[in-house]
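Visitor: Take a look at query_7.cif, mmCIF, C-alpha atoms, pLDDT in the B column; chains and numbers go by the auth columns:
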data_start
#
loop_
_atom_site.group_PDB
_atom_site.id
_atom_site.type_symbol
_atom_site.label_atom_id
_atom_site.label_comp_id
_atom_site.label_asym_id
_atom_site.label_seq_id
_atom_site.Cartn_x
_atom_site.Cartn_y
_atom_site.Cartn_z
_atom_site.B_iso_or_equiv
_atom_site.auth_seq_id
_atom_site.auth_asym_id
ATOM 1 C CA MET A 1 -41.782 -18.904 25.223 94.00 809 A
ATOM 2 C CA THR A 2 -38.430 -17.804 26.551 97.00 810 A
ATOM 3 C CA PHE A 3 -37.820 -14.081 26.744 98.00 811 A
ATOM 4 C CA THR A 4 -34.269 -12.726 26.589 98.00 812 A
ATOM 5 C CA ASP A 5 -32.765 -9.261 26.587 98.00 813 A
ATOM 6 C CA SER A 6 -32.292 -9.636 22.839 98.00 814 A
ATOM 7 C CA ASN A 7 -35.906 -10.514 21.949 98.00 815 A
ATOM 8 C CA ILE A 8 -38.226 -9.092 24.594 98.00 816 A
ATOM 9 C CA ASN A 9 -38.474 -5.491 23.372 97.00 817 A
ATOM 10 C CA GLU A 10 -39.363 -6.643 19.865 97.00 818 A
ATOM 11 C CA ILE A 11 -42.050 -8.994 21.187 97.00 819 A
ATOM 12 C CA ILE A 12 -43.586 -6.279 23.363 98.00 820 A
ATOM 13 C CA ALA A 13 -43.385 -3.761 20.505 97.00 821 A
ATOM 14 C CA SER A 14 -45.547 -6.076 18.364 95.00 822 A
ATOM 15 C CA GLY A 15 -48.532 -4.656 20.267 94.00 823 A
ATOM 16 C CA LYS A 16 -49.877 -8.057 21.254 96.00 824 A
ATOM 17 C CA PRO A 17 -50.806 -8.637 24.890 98.00 825 A
ATOM 18 C CA VAL A 18 -47.679 -9.975 26.629 98.00 826 A
ATOM 19 C CA VAL A 19 -47.175 -11.505 30.085 98.00 827 A
ATOM 20 C CA VAL A 20 -43.592 -11.772 31.327 98.00 828 A
ATOM 21 C CA ASP A 21 -42.830 -14.171 34.177 98.00 829 A
ATOM 22 C CA PHE A 22 -39.585 -13.049 35.851 98.00 830 A
ATOM 23 C CA TRP A 23 -38.081 -16.092 37.597 98.00 831 A
ATOM 24 C CA ALA A 24 -34.885 -17.832 38.701 98.00 832 A
ATOM 25 C CA THR A 25 -33.905 -21.460 39.254 96.00 833 A
ATOM 26 C CA TRP A 26 -33.126 -20.872 42.962 97.00 834 A
ATOM 27 C CA CYS A 27 -36.590 -19.377 43.607 98.00 835 A
ATOM 28 C CA GLY A 28 -38.918 -21.958 45.177 97.00 836 A
ATOM 29 C CA PRO A 29 -42.183 -20.091 44.456 97.00 837 A
ATOM 30 C CA CYS A 30 -40.985 -19.566 40.859 98.00 838 A
ATOM 31 C CA MET A 31 -40.472 -23.288 40.403 97.00 839 A
ATOM 32 C CA ALA A 32 -43.861 -24.045 41.965 97.00 840 A
ATOM 33 C CA MET A 33 -45.560 -21.602 39.579 97.00 841 A
ATOM 34 C CA ALA A 34 -43.781 -22.867 36.448 97.00 842 A
ATOM 35 C CA PRO A 35 -46.360 -25.538 35.527 97.00 843 A
ATOM 36 C CA ILE A 36 -49.210 -23.101 36.212 97.00 844 A
ATOM 37 C CA VAL A 37 -47.702 -20.471 33.905 97.00 845 A
ATOM 38 C CA GLU A 38 -47.141 -23.104 31.200 97.00 846 A
ATOM 39 C CA GLU A 39 -50.757 -24.279 31.487 97.00 847 A
ATOM 40 C CA ILE A 40 -52.099 -20.724 31.214 98.00 848 A
ATOM 41 C CA ALA A 41 -49.797 -20.015 28.263 98.00 849 A
ATOM 42 C CA LYS A 42 -51.380 -22.968 26.431 98.00 850 A
ATOM 43 C CA GLU A 43 -54.910 -21.816 27.337 98.00 851 A
ATOM 44 C CA TYR A 44 -54.317 -18.321 25.946 98.00 852 A
ATOM 45 C CA GLU A 45 -52.146 -19.334 22.984 97.00 853 A
ATOM 46 C CA GLY A 46 -52.884 -17.119 19.994 97.00 854 A
ATOM 47 C CA ARG A 47 -54.412 -14.378 22.161 98.00 855 A
ATOM 48 C CA VAL A 48 -51.640 -13.558 24.657 98.00 856 A
ATOM 49 C CA VAL A 49 -47.884 -14.113 24.457 98.00 857 A
ATOM 50 C CA ILE A 50 -46.897 -15.612 27.815 98.00 858 A
ATOM 51 C CA GLY A 51 -43.298 -16.439 28.533 97.00 859 A
ATOM 52 C CA LYS A 52 -40.524 -16.673 31.058 98.00 860 A
ATOM 53 C CA TYR A 53 -37.566 -14.366 31.642 98.00 861 A
ATOM 54 C CA ASN A 54 -34.752 -16.063 33.570 98.00 862 A
ATOM 55 C CA CYS A 55 -33.189 -13.443 35.829 97.00 863 A
ATOM 56 C CA ASP A 56 -30.131 -15.659 36.374 96.00 864 A
ATOM 57 C CA GLU A 57 -29.271 -15.559 32.677 97.00 865 A
ATOM 58 C CA GLU A 58 -30.613 -12.123 31.720 96.00 866 A
ATOM 59 C CA ASN A 59 -30.862 -8.915 33.676 95.00 867 A
ATOM 60 C CA ASP A 60 -31.038 -5.795 31.517 97.00 868 A
ATOM 61 C CA PHE A 61 -34.812 -5.891 31.026 98.00 869 A
ATOM 62 C CA ALA A 62 -35.438 -6.899 34.652 98.00 870 A
ATOM 63 C CA THR A 63 -33.386 -3.924 35.805 97.00 871 A
ATOM 64 C CA GLU A 64 -35.214 -1.643 33.377 97.00 872 A
ATOM 65 C CA CYS A 65 -38.547 -2.822 34.819 97.00 873 A
ATOM 66 C CA GLY A 66 -37.394 -2.442 38.421 96.00 874 A
ATOM 67 C CA ILE A 67 -37.842 -6.101 39.340 97.00 875 A
ATOM 68 C CA ARG A 68 -36.968 -6.523 43.020 96.00 876 A
ATOM 69 C CA SER A 69 -38.793 -9.742 43.965 97.00 877 A
ATOM 70 C CA LEU A 70 -39.278 -13.104 42.299 98.00 878 A
ATOM 71 C CA PRO A 71 -41.530 -14.315 40.932 98.00 879 A
ATOM 72 C CA THR A 72 -42.993 -11.187 39.346 98.00 880 A
ATOM 73 C CA LEU A 73 -45.408 -11.148 36.424 98.00 881 A
ATOM 74 C CA LEU A 74 -45.668 -7.971 34.347 98.00 882 A
ATOM 75 C CA PHE A 75 -48.374 -7.364 31.758 98.00 883 A
ATOM 76 C CA PHE A 76 -47.903 -5.388 28.529 98.00 884 A
ATOM 77 C CA LYS A 77 -50.359 -4.308 25.847 98.00 885 A
ATOM 78 C CA ASN A 78 -49.983 -2.149 22.752 97.00 886 A
ATOM 79 C CA GLY A 79 -46.247 -2.004 23.343 97.00 887 A
ATOM 80 C CA VAL A 80 -46.397 -0.517 26.837 97.00 888 A
ATOM 81 C CA LYS A 81 -46.313 -1.827 30.399 97.00 889 A
ATOM 82 C CA THR A 82 -49.717 -1.765 32.076 98.00 890 A
ATOM 83 C CA ASP A 83 -50.443 -1.207 35.766 97.00 891 A
ATOM 84 C CA ILE A 84 -51.243 -4.918 36.093 98.00 892 A
ATOM 85 C CA ARG A 85 -48.608 -6.762 38.145 97.00 893 A
ATOM 86 C CA LEU A 86 -48.395 -9.882 40.275 98.00 894 A
ATOM 87 C CA VAL A 87 -45.599 -10.396 42.809 98.00 895 A
ATOM 88 C CA GLY A 88 -44.952 -13.611 44.717 97.00 896 A
ATOM 89 C CA GLY A 89 -46.347 -17.092 44.315 96.00 897 A
ATOM 90 C CA GLN A 90 -49.794 -17.093 42.695 97.00 898 A
ATOM 91 C CA LYS A 91 -52.569 -19.572 42.064 97.00 899 A
ATOM 92 C CA ALA A 92 -53.833 -20.213 38.551 97.00 900 A
ATOM 93 C CA ASP A 93 -57.111 -18.346 39.112 98.00 901 A
ATOM 94 C CA ALA A 94 -55.283 -15.180 40.175 98.00 902 A
ATOM 95 C CA ILE A 95 -53.102 -15.260 37.059 98.00 903 A
ATOM 96 C CA ARG A 96 -56.089 -15.965 34.791 98.00 904 A
ATOM 97 C CA ALA A 97 -57.968 -13.004 36.309 98.00 905 A
ATOM 98 C CA LYS A 98 -55.069 -10.673 35.503 98.00 906 A
ATOM 99 C CA VAL A 99 -54.757 -12.080 31.951 98.00 907 A
ATOM 100 C CA GLU A 100 -58.469 -11.438 31.439 98.00 908 A
ATOM 101 C CA ALA A 101 -58.018 -7.897 32.780 98.00 909 A
ATOM 102 C CA LEU A 102 -55.182 -7.421 30.291 98.00 910 A
ATOM 103 C CA LEU A 103 -57.374 -8.588 27.416 98.00 911 A
ATOM 104 C CA ALA A 104 -60.138 -6.217 28.533 97.00 912 A
ATOM 105 C CA LEU A 105 -57.866 -3.134 28.315 96.00 913 A
#
Starting from the file, lay out its structure as structure tokens.
Guide:
Amino acid sequence: MTFTDSNINEIIASGKPVVVDFWATWCGPCMAMAPIVEEIAKEYEGRVVIGKYNCDEENDFATECGIRSLPTLLFFKNGVKTDIRLVGGQKADAIRAKVEALLAL
């Protein structure tokens, strides 16, 4: 899923668990993580909304969330941002662990 400034607040407000991957095309670790995030999105389809927010094309929501480094993954549940956050390149197991923590909230 692609998140934009025009759709992200509505998606988060739905109350479903949401993972936002803040990325940019010039970010090497972002590009390396892209297939991992896509794989995890397929694994959790129907239980967690996982998508990408391109900071080159959008910036209002990234600014609102205080994104300073890429890649950054933020985790939302019941319409609010949780304390769960991943910054920098991550392996699949680390992302899965945080998704499971999100589901357990």
Visitor: Need the shell around A:Val895: protein/DNA/RNA residues with any atom at most 7 Å away, counting all atoms listed in the file. Skip same-chain ones fewer than 5 positions apart. Format as a tab-separated table (two decimals) with C-alpha atoms, in the coordinates of the input?
Guide:
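Below is the file that was written, out-v3.tsv:
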chain	number	residue	atom	x	y	z
A	877	SER	CA	-38.79	-9.74	43.96
A	878	LEU	CA	-39.28	-13.10	42.30
A	879	PRO	CA	-41.53	-14.32	40.93
A	880	THR	CA	-42.99	-11.19	39.35
A	881	LEU	CA	-45.41	-11.15	36.42
Visitor: Between A:Cys863, A:Leu910, A:Ala900, A:Ile816, which one has atoms that come closest to A:Ile848, using all atoms listed in the file?
Guide: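 Smallest distance to A:Ile848 is found for A:Ala900.
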Visitor: Report the residues retrieved by the PyMOL selection byres ((chain A and resi 857-862) around 7) from the displayed file, expressed as an MDAnalysis selection string.
Guide: chainID A and resid 809:812 825:832 849 853 855:856 863:866
Visitor: The selected residues should be written to file as a PDB file, in the frame of the given file (atoms: C-alpha atoms).
Guide:
ATOM      1  CA  MET A 809     -41.782 -18.904  25.223  1.00 94.00           C
ATOM      2  CA  THR A 810     -38.430 -17.804  26.551  1.00 97.00           C
ATOM      3  CA  PHE A 811     -37.820 -14.081  26.744  1.00 98.00           C
ATOM      4  CA  THR A 812     -34.269 -12.726  26.589  1.00 98.00           C
ATOM      5  CA  PRO A 825     -50.806  -8.637  24.890  1.00 98.00           C
ATOM      6  CA  VAL A 826     -47.679  -9.975  26.629  1.00 98.00           C
ATOM      7  CA  VAL A 827     -47.175 -11.505  30.085  1.00 98.00           C
ATOM      8  CA  VAL A 828     -43.592 -11.772  31.327  1.00 98.00           C
ATOM      9  CA  ASP A 829     -42.830 -14.171  34.177  1.00 98.00           C
ATOM     10  CA  PHE A 830     -39.585 -13.049  35.851  1.00 98.00           C
ATOM     11  CA  TRP A 831     -38.081 -16.092  37.597  1.00 98.00           C
ATOM     12  CA  ALA A 832     -34.885 -17.832  38.701  1.00 98.00           C
ATOM     13  CA  ALA A 849     -49.797 -20.015  28.263  1.00 98.00           C
ATOM     14  CA  GLU A 853     -52.146 -19.334  22.984  1.00 97.00           C
ATOM     15  CA  ARG A 855     -54.412 -14.378  22.161  1.00 98.00           C
ATOM     16  CA  VAL A 856     -51.640 -13.558  24.657  1.00 98.00           C
ATOM     17  CA  CYS A 863     -33.189 -13.443  35.829  1.00 97.00           C
ATOM     18  CA  ASP A 864     -30.131 -15.659  36.374  1.00 96.00           C
ATOM     19  CA  GLU A 865     -29.271 -15.559  32.677  1.00 97.00           C
ATOM     20  CA  GLU A 866     -30.613 -12.123  31.720  1.00 96.00           C
TER      21      GLU A 866
END
Visitor: Name every residue that the PyMOL selection byres ((chain A and resi 886) around 10) selects in this structure, writing the answer as an NGL selection string with chains first and numbers rising.
Guide: :A and (820-826 or 884-885 or 887-890 or 913)
Visitor: For the selection you just gave me, I'd like the residues written to a file as a PDB file, in the frame of the given file, keeping C-alpha atoms.
Guide:
ATOM      1  CA  ILE A 820     -43.586  -6.279  23.363  1.00 98.00           C
ATOM      2  CA  ALA A 821     -43.385  -3.761  20.505  1.00 97.00           C
ATOM      3  CA  SER A 822     -45.547  -6.076  18.364  1.00 95.00           C
ATOM      4  CA  GLY A 823     -48.532  -4.656  20.267  1.00 94.00           C
ATOM      5  CA  LYS A 824     -49.877  -8.057  21.254  1.00 96.00           C
ATOM      6  CA  PRO A 825     -50.806  -8.637  24.890  1.00 98.00           C
ATOM      7  CA  VAL A 826     -47.679  -9.975  26.629  1.00 98.00           C
ATOM      8  CA  PHE A 884     -47.903  -5.388  28.529  1.00 98.00           C
ATOM      9  CA  LYS A 885     -50.359  -4.308  25.847  1.00 98.00           C
ATOM     10  CA  GLY A 887     -46.247  -2.004  23.343  1.00 97.00           C
ATOM     11  CA  VAL A 888     -46.397  -0.517  26.837  1.00 97.00           C
ATOM     12  CA  LYS A 889     -46.313  -1.827  30.399  1.00 97.00           C
ATOM     13  CA  THR A 890     -49.717  -1.765  32.076  1.00 98.00           C
ATOM     14  CA  LEU A 913     -57.866  -3.134  28.315  1.00 96.00           C
TER      15      LEU A 913
END
Visitor: Calculate how many Å separate atom CA of A:Gly854 from atom CA of A:Glu818, rounding to one decimal.
Guide: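 Going from atom CA of A:Gly854 over to atom CA of A:Glu818, I get 17.1 Å.
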Visitor: Which residue is closest to A:Gln898? Choose from A:Cys835, A:Cys873, A:Leu911, A:Ala842 and count all atoms listed in the file.
Guide: A:Ala842
Visitor: Find the distance between atom CA of A:Tyr852 and atom CA of A:Phe883 and write it in Å to one decimal.
Guide: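 Pair atom CA of A:Tyr852 / atom CA of A:Phe883 returns 13.8 Å.
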Visitor: Would you place a box with edges along x, y and z of the file around all atoms of stretch 825-833 of chain A listed there, add 6 Å to each of its six sides, and report the centre and edge lengths in Å to one decimal, as AutoDock Vina command-line options?
Guide:
--center_x -42.4 --center_y -15.0 --center_z 32.1 --size_x 28.9 --size_y 24.8 --size_z 26.4
Visitor: Between atom CA of A:Met841 and atom CA of A:Ile903, what is the distance, to one decimal in Å?
Guide: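 Answer for the atom CA of A:Met841 to atom CA of A:Ile903 separation: 10.2 Å.
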